[in-house]
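Printed here is work33.cif (mmCIF, C-alpha atoms):
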```cif
data_protein
#
loop_
_atom_site.group_PDB
_atom_site.id
_atom_site.type_symbol
_atom_site.label_atom_id
_atom_site.label_comp_id
_atom_site.auth_asym_id
_atom_site.auth_seq_id
_atom_site.Cartn_x
_atom_site.Cartn_y
_atom_site.Cartn_z
ATOM 1 C CA MET A 836 0.000 0.000 0.000
ATOM 2 C CA THR A 837 0.996 3.647 -0.204
ATOM 3 C CA ASP A 838 3.777 4.641 2.174
ATOM 4 C CA PRO A 839 2.671 7.340 4.669
ATOM 5 C CA ALA A 840 5.780 9.390 3.832
ATOM 6 C CA ALA A 841 4.915 9.528 0.147
ATOM 7 C CA PRO A 842 2.675 12.634 0.140
ATOM 8 C CA SER A 843 5.490 14.930 1.270
ATOM 9 C CA VAL A 844 7.567 13.800 -1.706
ATOM 10 C CA VAL A 845 4.921 13.221 -4.352
ATOM 11 C CA ARG A 846 2.618 16.198 -3.750
ATOM 12 C CA VAL A 847 5.321 18.661 -4.628
ATOM 13 C CA ASP A 848 4.660 22.306 -5.408
ATOM 14 C CA VAL A 849 2.651 22.683 -8.581
ATOM 15 C CA PRO A 850 1.273 25.612 -10.564
ATOM 16 C CA GLU A 851 -1.774 27.384 -9.201
ATOM 17 C CA GLY A 852 -5.038 25.510 -9.687
ATOM 18 C CA VAL A 853 -3.619 21.969 -9.745
ATOM 19 C CA THR A 854 -5.200 19.792 -7.055
ATOM 20 C CA HIS A 855 -4.314 16.376 -5.680
ATOM 21 C CA ARG A 856 -6.594 13.518 -4.712
ATOM 22 C CA ASP A 857 -6.898 9.743 -4.734
ATOM 23 C CA VAL A 858 -9.337 7.716 -6.812
ATOM 24 C CA ALA A 859 -10.237 4.018 -6.591
ATOM 25 C CA ALA A 860 -9.954 1.803 -9.659
ATOM 26 C CA ASN A 861 -9.288 -1.850 -10.440
ATOM 27 C CA GLY A 862 -8.861 -2.808 -6.781
ATOM 28 C CA ALA A 863 -6.328 -0.101 -5.867
ATOM 29 C CA ARG A 864 -6.002 3.605 -5.046
ATOM 30 C CA PHE A 865 -4.375 5.944 -7.511
ATOM 31 C CA HIS A 866 -3.013 9.406 -6.878
ATOM 32 C CA ILE A 867 -3.916 12.018 -9.481
ATOM 33 C CA ALA A 868 -3.112 15.678 -10.073
ATOM 34 C CA GLU A 869 -5.788 17.547 -11.997
ATOM 35 C CA VAL A 870 -6.675 20.986 -13.289
ATOM 36 C CA GLY A 871 -9.138 22.526 -15.744
ATOM 37 C CA ASP A 872 -12.559 21.785 -17.160
ATOM 38 C CA GLY A 873 -13.507 20.254 -20.477
ATOM 39 C CA PRO A 874 -12.829 16.979 -22.303
ATOM 40 C CA LEU A 875 -10.615 14.677 -20.243
ATOM 41 C CA VAL A 876 -6.952 14.265 -21.158
ATOM 42 C CA LEU A 877 -5.274 11.559 -19.040
ATOM 43 C CA LEU A 878 -1.468 11.751 -18.840
ATOM 44 C CA LEU A 879 0.583 8.596 -18.216
ATOM 45 C CA HIS A 880 4.219 8.852 -17.120
ATOM 46 C CA GLY A 881 7.118 6.567 -17.898
ATOM 47 C CA PHE A 882 10.203 5.256 -16.085
ATOM 48 C CA PRO A 883 11.857 6.491 -13.877
ATOM 49 C CA GLN A 884 9.327 9.264 -13.281
ATOM 50 C CA PHE A 885 5.902 9.957 -11.763
ATOM 51 C CA TRP A 886 3.002 12.358 -12.409
ATOM 52 C CA TRP A 887 5.208 15.441 -11.901
ATOM 53 C CA THR A 888 6.792 14.912 -15.322
ATOM 54 C CA TRP A 889 3.589 16.473 -16.755
ATOM 55 C CA ARG A 890 3.760 19.706 -14.724
ATOM 56 C CA HIS A 891 4.153 21.836 -17.852
ATOM 57 C CA GLN A 892 1.427 20.110 -19.852
ATOM 58 C CA LEU A 893 -1.156 20.183 -17.053
ATOM 59 C CA THR A 894 -1.476 23.955 -17.089
ATOM 60 C CA ALA A 895 -1.079 24.240 -20.862
ATOM 61 C CA LEU A 896 -3.917 21.773 -21.423
ATOM 62 C CA ALA A 897 -6.146 23.466 -18.848
ATOM 63 C CA ASP A 898 -5.566 26.848 -20.470
ATOM 64 C CA ALA A 899 -6.543 25.275 -23.802
ATOM 65 C CA GLY A 900 -9.920 24.130 -22.443
ATOM 66 C CA PHE A 901 -9.259 20.568 -21.302
ATOM 67 C CA ARG A 902 -9.608 18.719 -18.026
ATOM 68 C CA ALA A 903 -6.001 17.608 -17.563
ATOM 69 C CA VAL A 904 -5.299 14.714 -15.186
ATOM 70 C CA ALA A 905 -1.878 13.161 -14.531
ATOM 71 C CA MET A 906 -1.966 9.854 -12.657
ATOM 72 C CA ASP A 907 0.704 7.902 -10.860
ATOM 73 C CA LEU A 908 0.841 4.382 -12.234
ATOM 74 C CA ARG A 909 0.422 1.447 -9.878
ATOM 75 C CA GLY A 910 3.383 1.161 -7.540
ATOM 76 C CA VAL A 911 4.741 4.658 -8.219
ATOM 77 C CA GLY A 912 4.405 8.101 -6.662
ATOM 78 C CA GLY A 913 1.338 8.357 -4.463
ATOM 79 C CA SER A 914 -0.472 5.294 -5.828
ATOM 80 C CA ASP A 915 -0.823 1.944 -4.093
ATOM 81 C CA ARG A 916 2.075 -0.482 -4.123
ATOM 82 C CA THR A 917 0.369 -3.826 -4.541
ATOM 83 C CA PRO A 918 2.084 -7.237 -4.644
ATOM 84 C CA ARG A 919 0.622 -8.069 -8.064
ATOM 85 C CA GLY A 920 -0.961 -6.420 -11.095
ATOM 86 C CA TYR A 921 2.070 -5.223 -13.103
ATOM 87 C CA ASP A 922 1.351 -6.972 -16.393
ATOM 88 C CA PRO A 923 0.351 -4.560 -19.193
ATOM 89 C CA ALA A 924 -3.229 -5.802 -19.421
ATOM 90 C CA GLY A 925 -3.734 -5.242 -15.696
ATOM 91 C CA LEU A 926 -2.046 -1.832 -15.773
ATOM 92 C CA ALA A 927 -4.186 -0.817 -18.751
ATOM 93 C CA LEU A 928 -7.287 -1.707 -16.737
ATOM 94 C CA ASP A 929 -5.985 0.611 -14.000
ATOM 95 C CA ILE A 930 -6.007 3.417 -16.563
ATOM 96 C CA THR A 931 -9.459 2.736 -17.947
ATOM 97 C CA GLY A 932 -10.733 2.269 -14.393
ATOM 98 C CA VAL A 933 -9.471 5.734 -13.476
ATOM 99 C CA ILE A 934 -11.340 7.170 -16.469
ATOM 100 C CA ARG A 935 -14.559 5.651 -15.129
ATOM 101 C CA SER A 936 -13.813 6.761 -11.572
ATOM 102 C CA LEU A 937 -13.433 10.325 -12.821
ATOM 103 C CA GLY A 938 -16.987 10.117 -14.130
ATOM 104 C CA GLU A 939 -15.993 10.570 -17.752
ATOM 105 C CA PRO A 940 -17.297 8.604 -20.743
ATOM 106 C CA ASP A 941 -13.857 8.554 -22.374
ATOM 107 C CA ALA A 942 -10.462 10.240 -22.443
ATOM 108 C CA ALA A 943 -7.655 11.240 -24.725
ATOM 109 C CA LEU A 944 -4.706 9.187 -23.484
ATOM 110 C CA VAL A 945 -1.228 10.725 -23.586
ATOM 111 C CA GLY A 946 1.550 8.285 -22.692
ATOM 112 C CA HIS A 947 5.332 8.462 -22.488
ATOM 113 C CA ASP A 948 7.690 5.470 -22.360
ATOM 114 C CA LEU A 949 5.974 2.755 -20.265
ATOM 115 C CA GLY A 950 2.921 5.002 -20.080
ATOM 116 C CA GLY A 951 2.906 4.995 -23.872
ATOM 117 C CA TYR A 952 3.063 1.204 -23.972
ATOM 118 C CA LEU A 953 0.061 1.075 -21.645
ATOM 119 C CA ALA A 954 -1.793 3.723 -23.668
ATOM 120 C CA TRP A 955 -1.416 1.580 -26.800
ATOM 121 C CA THR A 956 -2.687 -1.379 -24.784
ATOM 122 C CA ALA A 957 -5.695 0.450 -23.323
ATOM 123 C CA ALA A 958 -6.729 1.760 -26.744
ATOM 124 C CA ALA A 959 -6.745 -1.785 -28.129
ATOM 125 C CA MET A 960 -8.424 -3.399 -25.118
ATOM 126 C CA ARG A 961 -11.029 -0.761 -24.224
ATOM 127 C CA PRO A 962 -11.592 1.287 -27.391
ATOM 128 C CA LYS A 963 -14.884 2.786 -26.192
ATOM 129 C CA LEU A 964 -13.086 4.534 -23.320
ATOM 130 C CA VAL A 965 -10.313 6.060 -25.461
ATOM 131 C CA ARG A 966 -11.279 9.095 -27.549
ATOM 132 C CA ARG A 967 -7.808 9.812 -28.928
ATOM 133 C CA LEU A 968 -4.323 8.436 -28.405
ATOM 134 C CA ALA A 969 -0.992 10.269 -28.200
ATOM 135 C CA VAL A 970 2.154 8.219 -27.602
ATOM 136 C CA PHE A 971 5.792 9.238 -27.581
ATOM 137 C CA SER A 972 9.130 7.560 -26.994
ATOM 138 C CA MET A 973 7.480 4.143 -27.325
ATOM 139 C CA PRO A 974 6.500 1.950 -30.292
ATOM 140 C CA HIS A 975 3.364 -0.158 -30.481
ATOM 141 C CA PRO A 976 3.731 -3.261 -28.220
ATOM 142 C CA ARG A 977 4.105 -5.596 -31.170
ATOM 143 C CA ARG A 978 6.768 -3.345 -32.703
ATOM 144 C CA TRP A 979 8.534 -3.175 -29.330
ATOM 145 C CA ARG A 980 8.579 -6.957 -29.023
ATOM 146 C CA SER A 981 9.868 -7.427 -32.551
ATOM 147 C CA ALA A 982 12.600 -4.809 -32.122
ATOM 148 C CA MET A 983 13.799 -6.250 -28.824
ATOM 149 C CA LEU A 984 14.066 -9.747 -30.293
ATOM 150 C CA ARG A 985 15.300 -9.001 -33.821
ATOM 151 C CA ASP A 986 17.199 -5.712 -33.724
ATOM 152 C CA ALA A 987 20.547 -6.038 -31.947
ATOM 153 C CA ARG A 988 20.936 -2.255 -31.763
ATOM 154 C CA GLN A 989 17.561 -1.794 -30.072
ATOM 155 C CA SER A 990 18.311 -4.629 -27.689
ATOM 156 C CA ALA A 991 21.587 -2.917 -26.778
ATOM 157 C CA ALA A 992 19.896 0.472 -26.376
ATOM 158 C CA SER A 993 17.440 -1.129 -23.960
ATOM 159 C CA SER A 994 20.107 -3.018 -22.043
ATOM 160 C CA TYR A 995 18.761 -1.638 -18.765
ATOM 161 C CA ILE A 996 15.596 -3.723 -19.306
ATOM 162 C CA TRP A 997 17.635 -6.902 -19.600
ATOM 163 C CA GLY A 998 19.465 -5.891 -16.425
ATOM 164 C CA PHE A 999 16.146 -5.590 -14.591
ATOM 165 C CA GLN A 1000 15.616 -9.343 -14.901
ATOM 166 C CA ARG A 1001 17.998 -10.077 -12.035
ATOM 167 C CA PRO A 1002 16.369 -10.523 -8.607
ATOM 168 C CA TRP A 1003 16.763 -7.697 -6.056
ATOM 169 C CA ILE A 1004 20.018 -6.284 -7.440
ATOM 170 C CA PRO A 1005 18.327 -3.709 -9.703
ATOM 171 C CA GLU A 1006 16.203 -2.449 -6.817
ATOM 172 C CA ARG A 1007 19.291 -1.888 -4.689
ATOM 173 C CA GLN A 1008 21.068 -0.152 -7.550
ATOM 174 C CA LEU A 1009 18.134 2.215 -8.150
ATOM 175 C CA VAL A 1010 18.017 3.489 -4.574
ATOM 176 C CA ALA A 1011 21.768 3.439 -3.798
ATOM 177 C CA ASP A 1012 23.286 6.837 -2.920
ATOM 178 C CA ASP A 1013 19.855 8.482 -2.761
ATOM 179 C CA ALA A 1014 18.862 7.091 -6.169
ATOM 180 C CA ALA A 1015 21.897 8.533 -7.951
ATOM 181 C CA LEU A 1016 21.282 6.090 -10.825
ATOM 182 C CA VAL A 1017 17.919 7.729 -11.523
ATOM 183 C CA GLY A 1018 19.623 11.072 -12.038
ATOM 184 C CA ARG A 1019 22.239 9.521 -14.289
ATOM 185 C CA LEU A 1020 19.646 7.756 -16.451
ATOM 186 C CA ILE A 1021 17.532 10.884 -16.904
ATOM 187 C CA ARG A 1022 20.559 12.924 -17.949
ATOM 188 C CA GLU A 1023 21.948 10.228 -20.251
ATOM 189 C CA TRP A 1024 18.582 9.689 -21.949
ATOM 190 C CA SER A 1025 17.956 13.398 -22.519
ATOM 191 C CA GLY A 1026 19.119 15.355 -25.543
ATOM 192 C CA PRO A 1027 21.308 18.474 -25.308
ATOM 193 C CA ARG A 1028 18.690 20.270 -23.171
ATOM 194 C CA LEU A 1029 19.482 18.618 -19.859
ATOM 195 C CA PRO A 1030 17.093 18.786 -16.901
ATOM 196 C CA ASP A 1031 17.987 21.089 -14.047
ATOM 197 C CA ASP A 1032 19.267 19.734 -10.739
ATOM 198 C CA ASP A 1033 16.002 20.422 -8.894
ATOM 199 C CA ALA A 1034 14.008 18.300 -11.338
ATOM 200 C CA VAL A 1035 16.483 15.437 -11.102
ATOM 201 C CA ASP A 1036 16.439 15.616 -7.304
ATOM 202 C CA THR A 1037 12.641 15.380 -7.323
ATOM 203 C CA TYR A 1038 12.740 12.152 -9.310
ATOM 204 C CA ARG A 1039 15.472 10.762 -7.076
ATOM 205 C CA ARG A 1040 13.432 11.437 -3.938
ATOM 206 C CA ALA A 1041 10.340 9.817 -5.449
ATOM 207 C CA MET A 1042 12.281 6.649 -6.299
ATOM 208 C CA CYS A 1043 13.455 6.391 -2.698
ATOM 209 C CA ILE A 1044 9.902 5.970 -1.367
ATOM 210 C CA PRO A 1045 9.875 2.382 -0.024
ATOM 211 C CA SER A 1046 8.907 -0.311 -2.566
ATOM 212 C CA THR A 1047 8.883 2.133 -5.491
ATOM 213 C CA ALA A 1048 12.022 0.693 -7.090
ATOM 214 C CA HIS A 1049 10.628 -2.838 -6.992
ATOM 215 C CA CYS A 1050 7.223 -1.812 -8.358
ATOM 216 C CA SER A 1051 8.837 0.301 -11.105
ATOM 217 C CA ILE A 1052 10.840 -2.681 -12.319
ATOM 218 C CA GLU A 1053 8.071 -5.299 -12.207
ATOM 219 C CA PRO A 1054 6.378 -4.271 -15.505
ATOM 220 C CA TYR A 1055 9.694 -4.671 -17.334
ATOM 221 C CA ARG A 1056 10.259 -8.064 -15.755
ATOM 222 C CA TRP A 1057 6.890 -9.189 -17.078
ATOM 223 C CA LEU A 1058 7.605 -7.838 -20.562
ATOM 224 C CA VAL A 1059 10.801 -9.882 -20.891
ATOM 225 C CA ARG A 1060 9.951 -13.009 -18.911
ATOM 226 C CA SER A 1061 6.635 -13.431 -20.715
ATOM 227 C CA LEU A 1062 8.145 -13.327 -24.209
ATOM 228 C CA ALA A 1063 8.024 -17.117 -24.489
ATOM 229 C CA ARG A 1064 5.308 -17.786 -21.905
ATOM 230 C CA PRO A 1065 1.667 -18.469 -22.824
ATOM 231 C CA ASP A 1066 0.467 -15.270 -21.147
ATOM 232 C CA GLY A 1067 2.939 -13.153 -23.092
ATOM 233 C CA ILE A 1068 2.153 -14.859 -26.387
ATOM 234 C CA GLN A 1069 -1.556 -14.393 -25.732
ATOM 235 C CA PHE A 1070 -1.030 -10.714 -24.959
ATOM 236 C CA ASN A 1071 0.936 -10.254 -28.177
ATOM 237 C CA ARG A 1072 -1.935 -11.810 -30.114
ATOM 238 C CA ARG A 1073 -4.429 -9.509 -28.401
ATOM 239 C CA MET A 1074 -2.375 -6.557 -29.563
ATOM 240 C CA LYS A 1075 -3.084 -7.530 -33.174
ATOM 241 C CA ARG A 1076 -6.420 -5.825 -32.595
ATOM 242 C CA PRO A 1077 -6.051 -2.507 -34.415
ATOM 243 C CA VAL A 1078 -6.300 0.874 -32.738
ATOM 244 C CA ARG A 1079 -9.348 2.618 -34.160
ATOM 245 C CA VAL A 1080 -8.972 6.123 -32.733
ATOM 246 C CA PRO A 1081 -6.963 9.071 -34.107
ATOM 247 C CA THR A 1082 -3.355 8.620 -33.012
ATOM 248 C CA LEU A 1083 -0.465 11.045 -32.621
ATOM 249 C CA HIS A 1084 2.968 9.414 -32.424
ATOM 250 C CA LEU A 1085 5.883 11.622 -31.349
ATOM 251 C CA HIS A 1086 9.557 10.753 -31.074
ATOM 252 C CA GLY A 1087 12.808 12.544 -30.269
ATOM 253 C CA SER A 1088 15.393 12.168 -33.017
ATOM 254 C CA LEU A 1089 18.178 11.778 -30.423
ATOM 255 C CA ASP A 1090 16.369 9.245 -28.222
ATOM 256 C CA PRO A 1091 19.113 6.814 -27.112
ATOM 257 C CA VAL A 1092 16.704 4.354 -25.482
ATOM 258 C CA VAL A 1093 14.139 3.762 -28.232
ATOM 259 C CA ARG A 1094 15.538 3.948 -31.751
ATOM 260 C CA THR A 1095 13.549 5.924 -34.300
ATOM 261 C CA ARG A 1096 13.559 2.853 -36.502
ATOM 262 C CA SER A 1097 11.866 0.871 -33.735
ATOM 263 C CA ALA A 1098 9.122 3.426 -33.168
ATOM 264 C CA ALA A 1099 8.439 4.230 -36.824
ATOM 265 C CA GLY A 1100 6.023 1.865 -38.484
ATOM 266 C CA SER A 1101 3.649 1.583 -35.529
ATOM 267 C CA GLY A 1102 1.002 3.103 -37.765
ATOM 268 C CA GLU A 1103 0.421 -0.322 -39.319
ATOM 269 C CA TYR A 1104 -1.555 -1.147 -36.183
ATOM 270 C CA VAL A 1105 -3.761 1.952 -36.423
ATOM 271 C CA GLU A 1106 -6.936 1.889 -38.529
ATOM 272 C CA ALA A 1107 -7.651 5.589 -38.020
ATOM 273 C CA PRO A 1108 -5.911 8.897 -38.764
ATOM 274 C CA TYR A 1109 -2.266 8.474 -37.716
ATOM 275 C CA ARG A 1110 0.196 11.349 -37.423
ATOM 276 C CA TRP A 1111 3.940 10.743 -36.986
ATOM 277 C CA ARG A 1112 6.130 13.602 -35.748
ATOM 278 C CA LEU A 1113 9.895 13.510 -35.200
ATOM 279 C CA PHE A 1114 11.312 16.186 -32.886
ATOM 280 C CA ASP A 1115 14.800 17.104 -34.100
ATOM 281 C CA GLY A 1116 17.417 17.574 -31.409
ATOM 282 C CA LEU A 1117 15.411 16.052 -28.557
ATOM 283 C CA GLY A 1118 15.987 12.875 -26.613
ATOM 284 C CA HIS A 1119 13.784 10.507 -24.634
ATOM 285 C CA PHE A 1120 11.874 13.216 -22.705
ATOM 286 C CA PRO A 1121 10.594 15.703 -25.317
ATOM 287 C CA HIS A 1122 7.789 16.924 -23.032
ATOM 288 C CA GLU A 1123 10.401 18.123 -20.530
ATOM 289 C CA GLU A 1124 13.237 19.005 -22.894
ATOM 290 C CA ASP A 1125 11.061 21.389 -24.936
ATOM 291 C CA PRO A 1126 7.731 21.686 -23.101
ATOM 292 C CA VAL A 1127 6.462 24.664 -25.117
ATOM 293 C CA ALA A 1128 6.886 23.016 -28.512
ATOM 294 C CA PHE A 1129 5.640 19.679 -27.238
ATOM 295 C CA SER A 1130 2.519 21.161 -25.607
ATOM 296 C CA ALA A 1131 1.718 23.171 -28.735
ATOM 297 C CA GLU A 1132 1.985 20.070 -30.937
ATOM 298 C CA LEU A 1133 -0.205 18.051 -28.588
ATOM 299 C CA ILE A 1134 -2.880 20.716 -28.106
ATOM 300 C CA ASN A 1135 -3.113 21.556 -31.813
ATOM 301 C CA TRP A 1136 -3.666 17.885 -32.567
ATOM 302 C CA LEU A 1137 -6.221 17.433 -29.777
ATOM 303 C CA LYS A 1138 -8.190 20.398 -31.119
ATOM 304 C CA ASP A 1139 -7.965 19.354 -34.758
ATOM 305 C CA PRO A 1140 -11.440 18.045 -35.726
ATOM 306 C CA GLU A 1141 -10.000 16.119 -38.649
ATOM 307 C CA PRO A 1142 -6.448 14.963 -37.852
ATOM 308 C CA ASP A 1143 -4.568 13.933 -40.927
ATOM 309 C CA ARG A 1144 -3.581 10.389 -41.689
#
```

I need this file expressed as structure tokens, please.
Amino acid sequence: MTDPAAPSVVRVDVPEGVTHRDVAANGARFHIAEVGDGPLVLLLHGFPQFWWTWRHQLTALADAGFRAVAMDLRGVGGSDRTPRGYDPAGLALDITGVIRSLGEPDAALVGHDLGGYLAWTAAAMRPKLVRRLAVFSMPHPRRWRSAMLRDARQSAASSYIWGFQRPWIPERQLVADDAALVGRLIREWSGPRLPDDDAVDTYRRAMCIPSTAHCSIEPYRWLVRSLARPDGIQFNRRMKRPVRVPTLHLHGSLDPVVRTRSAAGSGEYVEAPYRWRLFDGLGHFPHEEDPVAFSAELINWLKDPEPDR
């Protein structure tokens, strides 16, 4: 369950108007930060971050007329740390459950990294609850699987995921020296526009909340260990179901973790308008490296009544 010390770390200072609360969904409690009124836009963070990664987009979306909600995924930030439930199908049901708990008929999902993987999954599994889909720094799950198994360069770029398969050692490494590894990963995965020290320190403190390191790693353990298991093969087959909502796919040209070649081509799984955008000079965190340009691209697409194919 959520550590009692978490709120002081997770509910960090935010722009005026952003509020925090917990919502129940899929058998757990999830911390959310929300602001604005209008159509729901649900923001899903990646590794090694939490809701705070969306601090710039929350206010930009609210100013543009949306209800912007950033949630902490299961096991991270202010959300419950449960012993199970870290497979992508289960995590996607967390997301769609939060949409229902917010009293909304649907949402535009915006996902980065692992959050992007889960956004792809939710759009395929629960299409009636997903109005639009925006994913960045993450290919479609079937493209991800293929790249990890068949592309030696992508496998090398994602070497940290292979390292996560060891028991307990990765957890210790993540929290050692006040989560110094988290700071190193964020800086190494960014492009030339590096995050400031305060931002890095915030992510380091959040990783040090008890059980966060273990829960952050568990989804990646499932992704690799299930590759040859029946549950993983079944999930891969389920992801053949096409995405039938307008999709925006963004990628940083300098992303060292997910190769552009791996991400490109995900449109073959989308039977709806699909827009691919490559951000020159940005790395794995385009929403933080250039928040103004990223927010403008996202909002223009969300407001476009007829997004191009």

Got a sec to resolve the PyMOL selection byres ((chain A and resi 1062-1077) around 7) on this structure and send the residues as a ChimeraX atom specification? /A:959,977,1058-1061,1078-1079,1104-1106

Residue selection dump (C-alpha atoms) as a short mmCIF file (atom, residue, chain, number, x, y, z; two decimals), in the frame of the given file:
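File selection-v5.cif, as written:
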```
data_model
loop_
_atom_site.label_atom_id
_atom_site.label_comp_id
_atom_site.auth_asym_id
_atom_site.auth_seq_id
_atom_site.Cartn_x
_atom_site.Cartn_y
_atom_site.Cartn_z
CA ALA A 959 -6.74 -1.78 -28.13
CA ARG A 977 4.11 -5.60 -31.17
CA LEU A 1058 7.60 -7.84 -20.56
CA VAL A 1059 10.80 -9.88 -20.89
CA ARG A 1060 9.95 -13.01 -18.91
CA SER A 1061 6.64 -13.43 -20.72
CA VAL A 1078 -6.30 0.87 -32.74
CA ARG A 1079 -9.35 2.62 -34.16
CA TYR A 1104 -1.56 -1.15 -36.18
CA VAL A 1105 -3.76 1.95 -36.42
CA GLU A 1106 -6.94 1.89 -38.53
#
```

What separates CA of Pro1027 (chain A) and CA of Arg980 (chain A) is a distance of 28.7 Å

For Ala1041 (chain A), find every residue with an atom within 12 Å (counting only C-alpha atoms), except residues of its own chain fewer than 2 positions away, and show them as a PDB file with C-alpha atoms, in the coordinates of the input.
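Final output, around31.pdb:
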```pdb
ATOM      1  CA  ASP A 838       3.777   4.641   2.174  1.00  0.00           C
ATOM      2  CA  ALA A 840       5.780   9.390   3.832  1.00  0.00           C
ATOM      3  CA  ALA A 841       4.915   9.528   0.147  1.00  0.00           C
ATOM      4  CA  PRO A 842       2.675  12.634   0.140  1.00  0.00           C
ATOM      5  CA  SER A 843       5.490  14.930   1.270  1.00  0.00           C
ATOM      6  CA  VAL A 844       7.567  13.800  -1.706  1.00  0.00           C
ATOM      7  CA  VAL A 845       4.921  13.221  -4.352  1.00  0.00           C
ATOM      8  CA  ARG A 846       2.618  16.198  -3.750  1.00  0.00           C
ATOM      9  CA  VAL A 847       5.321  18.661  -4.628  1.00  0.00           C
ATOM     10  CA  PHE A 882      10.203   5.256 -16.085  1.00  0.00           C
ATOM     11  CA  PRO A 883      11.857   6.491 -13.877  1.00  0.00           C
ATOM     12  CA  GLN A 884       9.327   9.264 -13.281  1.00  0.00           C
ATOM     13  CA  PHE A 885       5.902   9.957 -11.763  1.00  0.00           C
ATOM     14  CA  TRP A 886       3.002  12.358 -12.409  1.00  0.00           C
ATOM     15  CA  TRP A 887       5.208  15.441 -11.901  1.00  0.00           C
ATOM     16  CA  THR A 888       6.792  14.912 -15.322  1.00  0.00           C
ATOM     17  CA  ASP A 907       0.704   7.902 -10.860  1.00  0.00           C
ATOM     18  CA  GLY A 910       3.383   1.161  -7.540  1.00  0.00           C
ATOM     19  CA  VAL A 911       4.741   4.658  -8.219  1.00  0.00           C
ATOM     20  CA  GLY A 912       4.405   8.101  -6.662  1.00  0.00           C
ATOM     21  CA  GLY A 913       1.338   8.357  -4.463  1.00  0.00           C
ATOM     22  CA  SER A 914      -0.472   5.294  -5.828  1.00  0.00           C
ATOM     23  CA  LEU A1009      18.134   2.215  -8.150  1.00  0.00           C
ATOM     24  CA  VAL A1010      18.017   3.489  -4.574  1.00  0.00           C
ATOM     25  CA  ASP A1013      19.855   8.482  -2.761  1.00  0.00           C
ATOM     26  CA  ALA A1014      18.862   7.091  -6.169  1.00  0.00           C
ATOM     27  CA  ALA A1015      21.897   8.533  -7.951  1.00  0.00           C
ATOM     28  CA  VAL A1017      17.919   7.729 -11.523  1.00  0.00           C
ATOM     29  CA  GLY A1018      19.623  11.072 -12.038  1.00  0.00           C
ATOM     30  CA  ALA A1034      14.008  18.300 -11.338  1.00  0.00           C
ATOM     31  CA  VAL A1035      16.483  15.437 -11.102  1.00  0.00           C
ATOM     32  CA  ASP A1036      16.439  15.616  -7.304  1.00  0.00           C
ATOM     33  CA  THR A1037      12.641  15.380  -7.323  1.00  0.00           C
ATOM     34  CA  TYR A1038      12.740  12.152  -9.310  1.00  0.00           C
ATOM     35  CA  ARG A1039      15.472  10.762  -7.076  1.00  0.00           C
ATOM     36  CA  CYS A1043      13.455   6.391  -2.698  1.00  0.00           C
ATOM     37  CA  ILE A1044       9.902   5.970  -1.367  1.00  0.00           C
ATOM     38  CA  PRO A1045       9.875   2.382  -0.024  1.00  0.00           C
ATOM     39  CA  SER A1046       8.907  -0.311  -2.566  1.00  0.00           C
ATOM     40  CA  THR A1047       8.883   2.133  -5.491  1.00  0.00           C
ATOM     41  CA  ALA A1048      12.022   0.693  -7.090  1.00  0.00           C
ATOM     42  CA  SER A1051       8.837   0.301 -11.105  1.00  0.00           C
TER      43      SER A1051
END
```

Once the PyMOL selection byres ((chain A and resi 975) around 12) has been applied to the shown file, what residues remain in the selection, as a CSV table (one decimal) with C-alpha atoms, keeping the file's coordinate frame?
```csv
chain,number,residue,atom,x,y,z
A,946,GLY,CA,1.6,8.3,-22.7
A,947,HIS,CA,5.3,8.5,-22.5
A,948,ASP,CA,7.7,5.5,-22.4
A,949,LEU,CA,6.0,2.8,-20.3
A,950,GLY,CA,2.9,5.0,-20.1
A,951,GLY,CA,2.9,5.0,-23.9
A,952,TYR,CA,3.1,1.2,-24.0
A,953,LEU,CA,0.1,1.1,-21.6
A,954,ALA,CA,-1.8,3.7,-23.7
A,955,TRP,CA,-1.4,1.6,-26.8
A,956,THR,CA,-2.7,-1.4,-24.8
A,957,ALA,CA,-5.7,0.4,-23.3
A,958,ALA,CA,-6.7,1.8,-26.7
A,959,ALA,CA,-6.7,-1.8,-28.1
A,968,LEU,CA,-4.3,8.4,-28.4
A,969,ALA,CA,-1.0,10.3,-28.2
A,970,VAL,CA,2.2,8.2,-27.6
A,971,PHE,CA,5.8,9.2,-27.6
A,972,SER,CA,9.1,7.6,-27.0
A,973,MET,CA,7.5,4.1,-27.3
A,974,PRO,CA,6.5,2.0,-30.3
A,976,PRO,CA,3.7,-3.3,-28.2
A,977,ARG,CA,4.1,-5.6,-31.2
A,978,ARG,CA,6.8,-3.3,-32.7
A,979,TRP,CA,8.5,-3.2,-29.3
A,980,ARG,CA,8.6,-7.0,-29.0
A,981,SER,CA,9.9,-7.4,-32.6
A,982,ALA,CA,12.6,-4.8,-32.1
A,1071,ASN,CA,0.9,-10.3,-28.2
A,1074,MET,CA,-2.4,-6.6,-29.6
A,1075,LYS,CA,-3.1,-7.5,-33.2
A,1076,ARG,CA,-6.4,-5.8,-32.6
A,1077,PRO,CA,-6.1,-2.5,-34.4
A,1078,VAL,CA,-6.3,0.9,-32.7
A,1082,THR,CA,-3.4,8.6,-33.0
A,1084,HIS,CA,3.0,9.4,-32.4
A,1093,VAL,CA,14.1,3.8,-28.2
A,1097,SER,CA,11.9,0.9,-33.7
A,1098,ALA,CA,9.1,3.4,-33.2
A,1099,ALA,CA,8.4,4.2,-36.8
A,1100,GLY,CA,6.0,1.9,-38.5
A,1101,SER,CA,3.6,1.6,-35.5
A,1102,GLY,CA,1.0,3.1,-37.8
A,1103,GLU,CA,0.4,-0.3,-39.3
A,1104,TYR,CA,-1.6,-1.1,-36.2
A,1105,VAL,CA,-3.8,2.0,-36.4
```

List the spatial neighbours of Phe865 (chain A) as a VMD selection string - criterion: any atom at most 12 Å away, all atoms listed in the file, same-chain residues fewer than 5 positions off excluded. chain A and resid 836 to 837 855 to 860 885 to 886 904 to 917 926 929 to 930 932 to 934 936 to 937
